[in-house]
Structures are given as structure tokens and as C-alpha cells.
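As C-alpha cells, the structure follows; a few thoughts come after it.
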Amino acid sequence: MKYLDEFSNPESAKRLLEQIHAATTRPWAMMEVCGGQTHSIIRHGIDQLLPDGVELIHGPGCPVCVTPLEIIDRALAIAARPGVIFCSFGDMLRVPGSSQDLFSVKSAGGDVRVVYSPLDALKLARENPDREVVFFGIGFETTAPANAMTVYQAKRLGVRNFSLLVSHVLVPPAISAIMESATCRVQAFLAAGHVCSVMGTAEYPPLAEKYRVPIVVTGFEPLDILEGIRRTVVQLEEGRHEVENAYPRAVREEGNLPAMEMLRDVFEVTDRTWRGIGMIPRSGWRLAPGYAEFDAEQRFDVTGIHTAESALCRSGEVLQGLIKPHECAAFGKECTPRNPLGATMVSSEGACAAYHTYRRLELVEAK
Ligand code: SF4
């Protein structure tokens, strides 16, 4: 705790806020890419302490939120099959598909299990050779190495009844898509520190140059975020657009080389649809041909599923930073964490859940 407390020290936070106020001469809009950062910002009220006009736009960096509806519906179809043990992290169980979620499949008799690691799913496959064990592999560059390593192990050990339902997405192409959108208001990015701890920072200088935006690699504790904002404001005020690492205790420029090697071996880059946003070219990973036998989509025929989003849910606009969660008419009414209409209300990293958990009473009182 001592180590974490250092990064929440109120005196240091006050000093950083004073520096941000002193450096700011005009309005700026910056996006924190990662949902974990969004939660920290809303939980600690950081956005309310910034100078007037300095706006934090919440980005699409919540892995549960951007997993496309088609893949959720495929997961539901696979999980309902007899003989299947469908394994997932807990967050995914309440994410709504077109007509139900994994909890509904479980309560209807499907063997859906929450695991804490993809290796737990592989262990289940080895213990149940007469069953098909499927792991739902979602997430950004952060979770992908463990999933890649599990598939690598399955191949090495000759485990034939294990497969991965893959929905991995990549941050840099999403930054490009945001900057190229006609409605983009983002002038700088706080990049997600944990993604960079795996992939390093080499992908960011070309983006900073092309779009002329500062990109500051930032951690998750209050002082990390304030330092990221301070450096971003200083760059914007000085007219610079550089990549800076404000999270050096976790991020090295070259990244985690063994993890990157594992990713390159097991996955290949592919186009991916992001829920609420649409298709972003070359923004995801799928299993490479050498591991195609472990692809759950190929093992189970789950194509031709008709998908339908909630007509009320505006999570696509939330994920693109076009509206704040409470600007959705269903926020706190038809849509709550108990009865979520969209993934951004379900996920522990979702922006709607952050506002509902930390801001709901303030928002109601302000009306
Ligand atoms: S409040 Fe609910 S319905 Fe509205 S955008 Fe968020 S998840 Fe969707």
C-alpha cells in the first residue's frame, strides 16, 4: 500500500494541480484512452479540479465495451452447446448480446464458468478430455500475451479440446480512427500505461507526427494522471506534439520483448469491428495460420447470426467521446449496473458504470 499511497499523496496532487492551472491559458480537450484511467479520474474527481475549459474526453479503451456484438452472440451460441465448457472473465457474463447474456445461458443449463486466467481454462481442458473447453479471449495488448501463451502451451502439450474465441483489439489504429473522424475534438492523448508496458512506445511517434497531437504515456493512480495532464497541457501550450513517457516505473521504450515475441508467433493482425464504433482496419489480432486449429469460430459453426443493438443505448457515442454517459436519456433510468442496456454500464472499466458509481447522486442533485 505504501507504494500506491505515494501516488495518491494530496500535497503532491495539489502541487500538480497548481502547475496545471498556471500552465493553462486556453481551453484544451484531451482523451484518456483507457477505461481504467476514466474510472480513476471520475472516482477522484480529477476532471472537476482542472482549469475551466480543460476537458477530459473518455476514450474507447474498455475491452469489454468494445467487444463486438457479433462475437458476443457467437459466444452465447457456443456456450449453449451441449458438451462445451465456456470459460470467461467475470465481467463478460452480464454483457448484453442481441437477446441474452452469458448468465442467461448459464441459468438455462449451459456450462459457463468464470476463470481468473486462460491457463485455468487450459487446465480444465486437460481435466475434461471428453468436453470442448473454450476461453473467451478479449482485450487490448495487455491481456493478449497471456492468451497467446495459453494457445502456445495447448499446441505444445497436444491439448486438442481447447480453443480460443478471439476478440483482441489494438490501441494505435483506434487513435488513428479517432483522429480521422469528422467529429473529432481530441487535441492530445493520455496513452494507456499498461498497453505500453507490453508494446513499448515505438508505435506512437508516427501518430503524434501525423496528427500533430501530444501523446503522453500515463499510469492509473491520481498523481500519474495529473502528471500526464500537466505534461500534455505544457506541450499543447508550447505548440509541441511529442511522445513522452510519464509512467517510467512500468513502461520502457522497447516494451516487453518476450511478450511481443509470443504475440507475433501466435497472432496476426486483422481488421476488427469495435462495438459502438464500427470496423477499424488492422485494429485487432486473430490466430495465425499455425494455430488455426485452436480458433473457436472455426471449430464451431456460428456464422449467420442476426445481431440487434438496443435502440436506446448510445454507448457508441460514449466510446467515441461524443457524449458523456449522463447525457444518454436512459442513464440511471432504464439503464443501471443491475439492468445494463450497454456494455459501457456493465464493465468495471466502462464510462457509464464509472459515472453511475461515483457521480450519479451529484448528477441527480444538479438537475
Ligand atoms: S447509460 Fe446505458 S443505455 Fe446509455 S449509453 Fe450508457 S450503457 Fe448505453
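Quick note on naming: the chains in the C-alpha cells go A, B, ... in the order shown, residues restart at 1 in each chain, and ligands are numbered from 1 in order of appearance.
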Test item: residues lying within 8 Å of ligand 1 with only C-alpha atoms and all ligand atoms, as a PyMOL selection string = chain A and resi 310+312-318+325-332+334-336+340-346+351-353
Check the DSSP output for the backbone and give back, as JSON, numbers by chain, the residues of region 62-292 of chain A in strand (DSSP E or B).
-> {"A": [84, 85, 86, 87, 88, 111, 112, 113, 114, 132, 133, 134, 135, 136, 137, 138, 139, 162, 163, 164, 165, 166, 167, 168, 169, 188, 189, 190, 191, 192, 215, 216, 217, 218, 243, 244, 245, 267, 268, 269, 270, 271, 272, 273, 274, 278, 279, 280, 281, 282, 283, 284, 285, 286, 287]}
Restricted to C-alpha atoms, what would the selected residues look like written as a compact mmCIF listing (two decimals), in the first residue's frame?
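Output below, filename out_0.txt:
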# COMPACT_ATOMS: atom_id res chain seq x y z
CA VAL A 84 -18.98 -27.30 -24.08
CA ILE A 85 -17.38 -25.69 -21.02
CA PHE A 86 -17.31 -21.98 -21.82
CA CYS A 87 -14.78 -20.01 -19.77
CA SER A 88 -14.59 -16.26 -19.39
CA ASP A 111 -21.74 -24.83 -18.55
CA VAL A 112 -20.37 -21.28 -18.28
CA ARG A 113 -17.51 -20.82 -15.83
CA VAL A 114 -15.65 -17.76 -14.55
CA GLU A 132 -14.74 -28.96 -25.50
CA VAL A 133 -13.30 -26.11 -23.42
CA VAL A 134 -13.50 -22.61 -24.95
CA PHE A 135 -11.88 -19.48 -23.49
CA PHE A 136 -13.24 -16.04 -24.41
CA GLY A 137 -10.05 -14.14 -25.26
CA ILE A 138 -10.88 -10.45 -25.34
CA GLY A 139 -8.97 -7.28 -24.61
CA PHE A 162 -9.17 -26.38 -26.08
CA SER A 163 -9.97 -23.37 -28.25
CA LEU A 164 -9.95 -19.59 -28.04
CA LEU A 165 -12.76 -17.27 -29.11
CA VAL A 166 -10.60 -14.31 -30.07
CA SER A 167 -11.59 -10.66 -29.96
CA HIS A 168 -8.37 -8.76 -29.40
CA VAL A 169 -8.13 -5.08 -30.32
CA ALA A 188 -3.94 15.24 -27.21
CA PHE A 189 -3.88 11.73 -25.76
CA LEU A 190 -3.09 10.25 -22.38
CA ALA A 191 -1.91 6.84 -23.62
CA ALA A 192 -2.63 3.71 -21.55
CA ILE A 215 0.80 11.65 -26.66
CA VAL A 216 1.79 11.22 -23.01
CA VAL A 217 2.05 7.66 -21.66
CA THR A 218 0.24 7.77 -18.33
CA VAL A 243 5.57 11.34 -27.21
CA GLU A 244 6.51 11.47 -23.52
CA ASN A 245 6.67 8.67 -21.01
CA PHE A 267 -1.43 -13.92 -33.61
CA GLU A 268 -1.60 -11.94 -36.84
CA VAL A 269 -3.08 -8.51 -37.42
CA THR A 270 -6.60 -8.34 -38.85
CA ASP A 271 -9.44 -5.85 -39.39
CA ARG A 272 -11.74 -5.69 -36.34
CA THR A 273 -15.19 -4.31 -35.66
CA TRP A 274 -15.42 -2.34 -32.40
CA GLY A 278 -17.57 0.06 -36.35
CA MET A 279 -14.80 -1.52 -38.35
CA ILE A 280 -11.26 -0.16 -37.87
CA PRO A 281 -8.75 -1.53 -40.40
CA ARG A 282 -5.90 -3.62 -38.98
CA SER A 283 -7.06 -2.91 -35.43
CA GLY A 284 -7.07 -6.42 -33.99
CA TRP A 285 -5.46 -9.81 -33.74
CA ARG A 286 -6.64 -13.25 -34.83
CA LEU A 287 -4.88 -16.57 -34.50
Based on DSSP run over this structure's backbone, return all residues of region 188-263 of chain A in alpha helix (DSSP H), as a ChimeraX atom specification.
-> /A:193-199,204-211,222-238,257-263
Any chance you can output those residues with N, CA and C atoms as a compact mmCIF listing (two decimals), in the first residue's frame?
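The resulting file, selection.txt, is reproduced below:
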# COMPACT_ATOMS: atom_id res chain seq x y z
N GLY A 193 -0.90 3.29 -19.92
CA GLY A 193 0.40 2.80 -19.47
C GLY A 193 0.57 1.29 -19.56
N HIS A 194 -0.51 0.53 -19.23
CA HIS A 194 -0.32 -0.92 -19.23
C HIS A 194 -0.16 -1.47 -20.65
N VAL A 195 -0.83 -0.85 -21.63
CA VAL A 195 -0.63 -1.27 -23.02
C VAL A 195 0.82 -1.05 -23.42
N CYS A 196 1.36 0.14 -23.04
CA CYS A 196 2.74 0.47 -23.41
C CYS A 196 3.74 -0.38 -22.63
N SER A 197 3.35 -0.89 -21.45
CA SER A 197 4.29 -1.75 -20.72
C SER A 197 4.53 -3.03 -21.50
N VAL A 198 3.57 -3.44 -22.33
CA VAL A 198 3.76 -4.62 -23.19
C VAL A 198 4.42 -4.22 -24.51
N MET A 199 3.82 -3.21 -25.17
CA MET A 199 4.21 -2.92 -26.57
C MET A 199 5.28 -1.84 -26.70
N TYR A 204 3.96 5.08 -31.30
CA TYR A 204 3.30 6.38 -31.08
C TYR A 204 3.94 7.59 -31.79
N PRO A 205 5.28 7.67 -31.93
CA PRO A 205 5.81 8.87 -32.60
C PRO A 205 5.23 9.13 -34.00
N PRO A 206 5.04 8.09 -34.84
CA PRO A 206 4.44 8.39 -36.15
C PRO A 206 3.03 8.96 -36.03
N LEU A 207 2.27 8.52 -35.00
CA LEU A 207 0.91 9.05 -34.82
C LEU A 207 0.96 10.50 -34.34
N ALA A 208 1.86 10.77 -33.39
CA ALA A 208 1.99 12.15 -32.88
C ALA A 208 2.37 13.09 -34.02
N GLU A 209 3.24 12.62 -34.90
CA GLU A 209 3.71 13.43 -36.02
C GLU A 209 2.59 13.63 -37.05
N LYS A 210 1.96 12.52 -37.43
CA LYS A 210 0.94 12.59 -38.49
C LYS A 210 -0.24 13.49 -38.08
N TYR A 211 -0.70 13.33 -36.82
CA TYR A 211 -1.89 14.08 -36.40
C TYR A 211 -1.54 15.33 -35.59
N PRO A 222 -3.89 8.68 -9.07
CA PRO A 222 -4.20 10.10 -9.26
C PRO A 222 -2.99 10.94 -9.67
N LEU A 223 -1.84 10.72 -9.03
CA LEU A 223 -0.68 11.55 -9.40
C LEU A 223 -0.17 11.21 -10.80
N ASP A 224 -0.28 9.94 -11.20
CA ASP A 224 0.09 9.57 -12.58
C ASP A 224 -0.75 10.37 -13.57
N ILE A 225 -2.04 10.42 -13.31
CA ILE A 225 -2.95 11.07 -14.26
C ILE A 225 -2.71 12.58 -14.26
N LEU A 226 -2.53 13.15 -13.08
CA LEU A 226 -2.27 14.60 -13.02
C LEU A 226 -0.96 14.95 -13.72
N GLU A 227 0.05 14.12 -13.54
CA GLU A 227 1.32 14.39 -14.22
C GLU A 227 1.16 14.27 -15.74
N GLY A 228 0.37 13.27 -16.16
CA GLY A 228 0.10 13.13 -17.60
C GLY A 228 -0.60 14.37 -18.14
N ILE A 229 -1.60 14.85 -17.40
CA ILE A 229 -2.33 16.05 -17.85
C ILE A 229 -1.39 17.26 -17.86
N ARG A 230 -0.57 17.39 -16.82
CA ARG A 230 0.35 18.54 -16.75
C ARG A 230 1.27 18.55 -17.98
N ARG A 231 1.86 17.40 -18.28
CA ARG A 231 2.79 17.37 -19.42
C ARG A 231 2.05 17.64 -20.74
N THR A 232 0.83 17.12 -20.82
CA THR A 232 0.05 17.33 -22.05
C THR A 232 -0.28 18.81 -22.24
N VAL A 233 -0.71 19.46 -21.16
CA VAL A 233 -1.06 20.89 -21.25
C VAL A 233 0.18 21.70 -21.64
N VAL A 234 1.32 21.38 -21.03
CA VAL A 234 2.55 22.12 -21.34
C VAL A 234 2.88 21.99 -22.83
N GLN A 235 2.79 20.77 -23.35
CA GLN A 235 3.06 20.57 -24.79
C GLN A 235 2.08 21.37 -25.65
N LEU A 236 0.79 21.28 -25.31
CA LEU A 236 -0.22 21.99 -26.11
C LEU A 236 0.04 23.49 -26.09
N GLU A 237 0.34 24.02 -24.91
CA GLU A 237 0.58 25.46 -24.79
C GLU A 237 1.81 25.88 -25.58
N GLU A 238 2.81 25.00 -25.65
CA GLU A 238 4.05 25.34 -26.36
C GLU A 238 3.99 24.96 -27.84
N LEU A 257 9.85 -7.51 -24.48
CA LEU A 257 10.24 -8.20 -25.72
C LEU A 257 9.77 -9.67 -25.77
N PRO A 258 9.89 -10.46 -24.67
CA PRO A 258 9.37 -11.84 -24.77
C PRO A 258 7.86 -11.89 -25.04
N ALA A 259 7.11 -10.96 -24.41
CA ALA A 259 5.65 -10.94 -24.64
C ALA A 259 5.36 -10.60 -26.10
N MET A 260 6.10 -9.64 -26.65
CA MET A 260 5.86 -9.25 -28.04
C MET A 260 6.22 -10.39 -29.00
N GLU A 261 7.24 -11.14 -28.65
CA GLU A 261 7.63 -12.28 -29.50
C GLU A 261 6.53 -13.34 -29.49
N MET A 262 5.98 -13.59 -28.31
CA MET A 262 4.88 -14.57 -28.19
C MET A 262 3.68 -14.13 -29.02
N LEU A 263 3.36 -12.82 -28.93
CA LEU A 263 2.22 -12.29 -29.70
C LEU A 263 2.45 -12.46 -31.20
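Counting only C-alpha atoms and comparing A:Ala311, A:Leu76, A:Val54, A:Met179, the residue that lies closest to Ala108 (chain A) is A:Leu76.
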Using CA of Arg156 (chain A) and CA of Glu254 (chain A) as the two end points, give the distance in Å to one decimal.
->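 We find that CA of Arg156 (chain A) and CA of Glu254 (chain A) lie 27.9 Å from each other.
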Return the single residue from A:Asp130, A:Gln298, A:Trp28, A:Val251 that is closest to Pro214 (chain A), with distances computed using only C-alpha atoms.
->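 The closest residue to Pro214 (chain A) is A:Trp28.
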Quick one: everything within 8 Å of Met92 (chain A), counting only C-alpha atoms, minus sequence neighbours fewer than 2 positions away in the same chain. Send it as a list in words.
-> Val64, Ser88, Phe89, Gly90, Arg94, Val95, Leu102 and Ser347 of chain A
